[in-house]
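Accompanying notes for the structure given below.
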Amino acid sequence: MDRHKAWTRGRLLRVAIGGGAVVAGGAATASWNGGRAPVAAQKDDRDVEILNFFLLLERLQEGFYREALRAGQLEGDLRRFARTVGAQESQHVARLSDRLGDQAEPRPKTEFGDAVTDPERFRTAAIELEETAISAYIAQAANLSRAGVAAIVPLVSVEARQVAWMRDLAGVSPAPDAADRARGREAIVAKLREGGFIS
């Protein structure tokens, strides 16, 4: 296979976010010590705002998969996906919560309706939520401090693989575009409210 054509959604995101990390001073090489950011990392006001936005999205995904499993209507690959990805989202929530400390905002009020009881709607909603998170990371990563970038770099390629997995289960292309678009916070929150996911 031509190496120049072997670009996947995950690889593109790693390069995009990794490039932002290099610009920020190489923070992407920071290690993830049990889900905790380096002790010396400093939080500034912008980081707090952006990381709380990411935390909102990760908590939304975590809650979605938890409620879908509780509803008991998923079987086979969909149930395995919800269990696997839900556990990963819980780790993402823990990582961001640890990074924010007492500046972490409370969990959002959520309402998933039949998206957690109907398998077809579950697939659609899972794709939407995962791609929403990716578009937020792309839009905001460059606005973070070096320490802030280090906090989120390990999460982004995982989100990309998650949505590629679900898109494959839904029978659509795992990587329909050569690059993902960025979406701003206001547009994302408005879309989530329109969909009834948050109040």
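Each chain of the structure tokens is named A, B, ... in the order shown, its residues numbered from 1; ligands are numbered from 1 in display order.
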
Close residues, A:Ala136 itself excluded, 10 Å, only C-alpha atoms, min 4 positions apart in chain, as a ChimeraX atom specification: /A:50,53-54,57,131-132,140-141,181-185,187-188

Output the selection as a short mmCIF file (atom, residue, chain, number, x, y, z; two decimals), in the first residue's frame - N, CA and C atoms for each residue.
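Wrote it out as selection.cif, contents follow:
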```cif
data_model
loop_
_atom_site.label_atom_id
_atom_site.label_comp_id
_atom_site.auth_asym_id
_atom_site.auth_seq_id
_atom_site.Cartn_x
_atom_site.Cartn_y
_atom_site.Cartn_z
N ILE A 50 -11.56 25.57 28.97
CA ILE A 50 -11.54 24.60 27.87
C ILE A 50 -11.61 23.17 28.40
N PHE A 53 -14.99 22.24 29.37
CA PHE A 53 -15.81 21.94 28.20
C PHE A 53 -15.58 20.50 27.75
N PHE A 54 -14.31 20.09 27.70
CA PHE A 54 -14.00 18.71 27.35
C PHE A 54 -14.60 17.75 28.38
N LEU A 57 -18.22 17.09 27.72
CA LEU A 57 -18.43 16.16 26.62
C LEU A 57 -18.11 14.72 27.03
N GLU A 131 -18.15 12.12 17.46
CA GLU A 131 -17.62 13.08 16.50
C GLU A 131 -17.70 14.51 17.04
N THR A 132 -18.69 14.77 17.87
CA THR A 132 -18.78 16.08 18.51
C THR A 132 -17.56 16.31 19.41
N GLN A 140 -10.20 23.38 19.95
CA GLN A 140 -9.70 24.05 21.14
C GLN A 140 -8.27 23.71 21.53
N ALA A 141 -7.70 22.66 20.99
CA ALA A 141 -6.37 22.22 21.44
C ALA A 141 -5.33 23.32 21.35
N ARG A 181 -13.53 18.32 10.80
CA ARG A 181 -13.70 19.76 10.98
C ARG A 181 -13.75 20.12 12.46
N ALA A 182 -13.36 21.33 12.74
CA ALA A 182 -13.45 21.87 14.09
C ALA A 182 -14.80 22.54 14.27
N ARG A 183 -15.35 22.45 15.48
CA ARG A 183 -16.61 23.14 15.78
C ARG A 183 -16.46 23.87 17.11
N GLY A 184 -16.93 25.09 17.15
CA GLY A 184 -16.80 25.90 18.35
C GLY A 184 -17.74 25.47 19.46
N ARG A 185 -17.43 25.95 20.66
CA ARG A 185 -18.20 25.56 21.83
C ARG A 185 -19.68 25.92 21.71
N ALA A 187 -21.60 26.40 19.13
CA ALA A 187 -22.31 25.57 18.15
C ALA A 187 -22.54 24.16 18.69
N ILE A 188 -21.56 23.63 19.40
CA ILE A 188 -21.68 22.28 19.96
C ILE A 188 -22.74 22.23 21.04
#
```

Distance of atom CA of A:Asp180 from atom CA of A:Leu55, expressed in Å to one decimal place: 20.4 Å

All alpha helix (DSSP H) positions in stretch 121-176 of chain A, as JSON, numbers by chain: {"A": [121, 122, 123, 124, 125, 126, 127, 128, 129, 130, 131, 132, 133, 134, 135, 136, 137, 138, 139, 140, 146, 147, 148, 149, 150, 151, 152, 153, 154, 155, 156, 157, 158, 159, 160, 161, 162, 163, 164, 165, 166, 167, 168, 169]}

Those selected residues, please, written with N, CA and C atoms and delivered as a tab-separated table (two decimals), in the first residue's frame.
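Heads up, here's the output in part_13.tsv:
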```tsv
chain	number	residue	atom	x	y	z
A	121	ARG	N	-31.14	4.03	17.01
A	121	ARG	CA	-30.93	5.39	17.52
A	121	ARG	C	-29.66	5.45	18.37
A	122	PHE	N	-29.34	4.37	19.05
A	122	PHE	CA	-28.10	4.32	19.82
A	122	PHE	C	-26.90	4.49	18.91
A	123	ARG	N	-26.87	3.77	17.80
A	123	ARG	CA	-25.76	3.89	16.85
A	123	ARG	C	-25.61	5.32	16.35
A	124	THR	N	-26.73	5.91	15.96
A	124	THR	CA	-26.69	7.28	15.44
A	124	THR	C	-26.19	8.26	16.49
A	125	ALA	N	-26.72	8.13	17.71
A	125	ALA	CA	-26.34	9.05	18.78
A	125	ALA	C	-24.88	8.85	19.18
A	126	ALA	N	-24.41	7.61	19.20
A	126	ALA	CA	-23.02	7.34	19.56
A	126	ALA	C	-22.07	8.01	18.57
A	127	ILE	N	-22.37	7.88	17.30
A	127	ILE	CA	-21.54	8.53	16.28
A	127	ILE	C	-21.55	10.04	16.47
A	128	GLU	N	-22.72	10.60	16.69
A	128	GLU	CA	-22.83	12.05	16.86
A	128	GLU	C	-22.04	12.53	18.07
A	129	LEU	N	-22.16	11.84	19.19
A	129	LEU	CA	-21.48	12.26	20.41
A	129	LEU	C	-19.97	12.13	20.28
A	130	GLU	N	-19.51	11.04	19.71
A	130	GLU	CA	-18.06	10.85	19.54
A	130	GLU	C	-17.47	11.87	18.57
A	131	GLU	N	-18.15	12.12	17.46
A	131	GLU	CA	-17.62	13.08	16.50
A	131	GLU	C	-17.70	14.51	17.04
A	132	THR	N	-18.69	14.77	17.87
A	132	THR	CA	-18.78	16.08	18.51
A	132	THR	C	-17.56	16.31	19.41
A	133	ALA	N	-17.19	15.30	20.18
A	133	ALA	CA	-16.03	15.43	21.06
A	133	ALA	C	-14.76	15.67	20.25
A	134	ILE	N	-14.60	14.92	19.15
A	134	ILE	CA	-13.42	15.09	18.32
A	134	ILE	C	-13.35	16.51	17.75
A	135	SER	N	-14.48	17.00	17.26
A	135	SER	CA	-14.49	18.35	16.67
A	135	SER	C	-14.15	19.40	17.72
A	136	ALA	N	-14.54	19.16	18.97
A	136	ALA	CA	-14.20	20.10	20.05
A	136	ALA	C	-12.72	20.07	20.36
A	137	TYR	N	-12.14	18.89	20.43
A	137	TYR	CA	-10.71	18.78	20.69
A	137	TYR	C	-9.90	19.48	19.59
A	138	ILE	N	-10.31	19.27	18.35
A	138	ILE	CA	-9.60	19.90	17.23
A	138	ILE	C	-9.69	21.42	17.33
A	139	ALA	N	-10.88	21.92	17.65
A	139	ALA	CA	-11.08	23.37	17.68
A	139	ALA	C	-10.33	24.05	18.81
A	140	GLN	N	-10.20	23.38	19.95
A	140	GLN	CA	-9.70	24.05	21.14
A	140	GLN	C	-8.27	23.71	21.53
A	146	ARG	N	0.74	24.61	27.39
A	146	ARG	CA	1.51	23.40	27.18
A	146	ARG	C	1.02	22.27	28.08
A	147	ALA	N	0.78	22.58	29.35
A	147	ALA	CA	0.30	21.56	30.28
A	147	ALA	C	-1.10	21.09	29.91
A	148	GLY	N	-1.94	22.02	29.42
A	148	GLY	CA	-3.28	21.65	29.00
A	148	GLY	C	-3.28	20.71	27.81
A	149	VAL	N	-2.40	20.97	26.85
A	149	VAL	CA	-2.27	20.09	25.70
A	149	VAL	C	-1.84	18.70	26.15
A	150	ALA	N	-0.88	18.64	27.09
A	150	ALA	CA	-0.41	17.35	27.58
A	150	ALA	C	-1.54	16.55	28.22
A	151	ALA	N	-2.51	17.24	28.82
A	151	ALA	CA	-3.61	16.56	29.49
A	151	ALA	C	-4.55	15.88	28.52
A	152	ILE	N	-4.68	16.43	27.31
A	152	ILE	CA	-5.69	15.89	26.39
A	152	ILE	C	-5.13	15.06	25.23
A	153	VAL	N	-3.85	15.18	24.95
A	153	VAL	CA	-3.27	14.47	23.80
A	153	VAL	C	-3.56	12.97	23.83
A	154	PRO	N	-3.42	12.28	24.98
A	154	PRO	CA	-3.66	10.83	24.96
A	154	PRO	C	-5.10	10.44	24.70
A	155	LEU	N	-6.04	11.39	24.79
A	155	LEU	CA	-7.45	11.07	24.65
A	155	LEU	C	-7.95	11.11	23.20
A	156	VAL	N	-7.35	11.97	22.39
A	156	VAL	CA	-7.96	12.30	21.11
A	156	VAL	C	-7.95	11.14	20.12
A	157	SER	N	-6.84	10.43	20.01
A	157	SER	CA	-6.80	9.32	19.07
A	157	SER	C	-7.72	8.19	19.52
A	158	VAL	N	-7.93	8.06	20.83
A	158	VAL	CA	-8.86	7.05	21.33
A	158	VAL	C	-10.28	7.40	20.89
A	159	GLU	N	-10.65	8.68	21.01
A	159	GLU	CA	-11.97	9.11	20.55
A	159	GLU	C	-12.15	8.81	19.06
A	160	ALA	N	-11.09	9.01	18.29
A	160	ALA	CA	-11.17	8.74	16.85
A	160	ALA	C	-11.39	7.26	16.58
A	161	ARG	N	-10.69	6.40	17.32
A	161	ARG	CA	-10.88	4.97	17.12
A	161	ARG	C	-12.27	4.53	17.56
A	162	GLN	N	-12.77	5.14	18.62
A	162	GLN	CA	-14.12	4.80	19.08
A	162	GLN	C	-15.16	5.07	17.99
A	163	VAL	N	-15.11	6.26	17.40
A	163	VAL	CA	-16.13	6.57	16.40
A	163	VAL	C	-15.93	5.75	15.14
A	164	ALA	N	-14.67	5.43	14.81
A	164	ALA	CA	-14.44	4.57	13.64
A	164	ALA	C	-15.05	3.19	13.88
A	165	TRP	N	-14.93	2.69	15.09
A	165	TRP	CA	-15.52	1.39	15.45
A	165	TRP	C	-17.04	1.43	15.30
A	166	MET	N	-17.66	2.48	15.85
A	166	MET	CA	-19.12	2.56	15.76
A	166	MET	C	-19.58	2.79	14.34
A	167	ARG	N	-18.87	3.59	13.57
A	167	ARG	CA	-19.26	3.81	12.18
A	167	ARG	C	-19.19	2.49	11.40
A	168	ASP	N	-18.21	1.67	11.71
A	168	ASP	CA	-18.11	0.36	11.06
A	168	ASP	C	-19.30	-0.52	11.45
A	169	LEU	N	-19.68	-0.51	12.74
A	169	LEU	CA	-20.85	-1.28	13.18
A	169	LEU	C	-22.13	-0.79	12.51
```

Near-A:Glu105 list (10 Å; only C-alpha atoms; drop same-chain fewer than 3 positions) as a VMD selection string: chain A and resid 48 to 49 51 to 53 55 to 56 97 100 to 102 108

Please produce an output containing C-alpha atoms for each residue in the selection, written as a PDB file, in the first residue's frame.
```
ATOM      1  CA  VAL A  48      -9.866  25.676  33.120  1.00  0.00           C
ATOM      2  CA  GLU A  49     -12.596  26.838  30.754  1.00  0.00           C
ATOM      3  CA  LEU A  51     -10.849  21.518  29.978  1.00  0.00           C
ATOM      4  CA  ASN A  52     -14.233  21.895  31.654  1.00  0.00           C
ATOM      5  CA  PHE A  53     -15.812  21.943  28.201  1.00  0.00           C
ATOM      6  CA  LEU A  55     -15.082  17.287  30.712  1.00  0.00           C
ATOM      7  CA  LEU A  56     -18.700  18.113  29.876  1.00  0.00           C
ATOM      8  CA  SER A  97     -11.317  15.766  36.702  1.00  0.00           C
ATOM      9  CA  LEU A 100      -9.022  20.357  37.070  1.00  0.00           C
ATOM     10  CA  GLY A 101      -9.238  19.445  40.742  1.00  0.00           C
ATOM     11  CA  ASP A 102     -11.718  21.594  42.646  1.00  0.00           C
ATOM     12  CA  PRO A 108     -24.562  18.054  33.361  1.00  0.00           C
TER      13      PRO A 108
END
```

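With distances taken over only C-alpha atoms, A:Ala82 is the one residue among A:Ala82, A:Leu144, A:Val172, A:Val93 lying closest to A:Ala68.
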
All residues 9 Å or closer to A:Val85, only C-alpha atoms, same chain fewer than 6 positions away omitted, as a PDB file with C-alpha atoms, in the first residue's frame:
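The resulting selection21.pdb:
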```pdb
ATOM      1  CA  GLN A  61     -20.535  10.234  26.613  1.00  0.00           C
ATOM      2  CA  GLU A  62     -19.900   8.332  29.838  1.00  0.00           C
ATOM      3  CA  TYR A  65     -23.098   4.508  27.548  1.00  0.00           C
ATOM      4  CA  GLN A 162     -14.121   4.803  19.077  1.00  0.00           C
TER       5      GLN A 162
END
```

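Note that atom CA of A:Ala178 and atom CA of A:Gly195 are 26.7 Å apart.
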
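Here atom CA of A:Asp45 and atom CA of A:Ala190 stand 23.1 Å from one another.
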
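With only C-alpha atoms as the basis for measurement, A:Gly76 is the residue among A:Gly76, A:Arg83, A:Gln103, A:Gln91 that approaches A:Pro119 most closely.
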
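You can rank A:Leu74, A:Glu58, A:Glu67, A:Gly196 by their closest distance to A:Gln88 using only C-alpha atoms, and at the top of that list sits A:Glu58.
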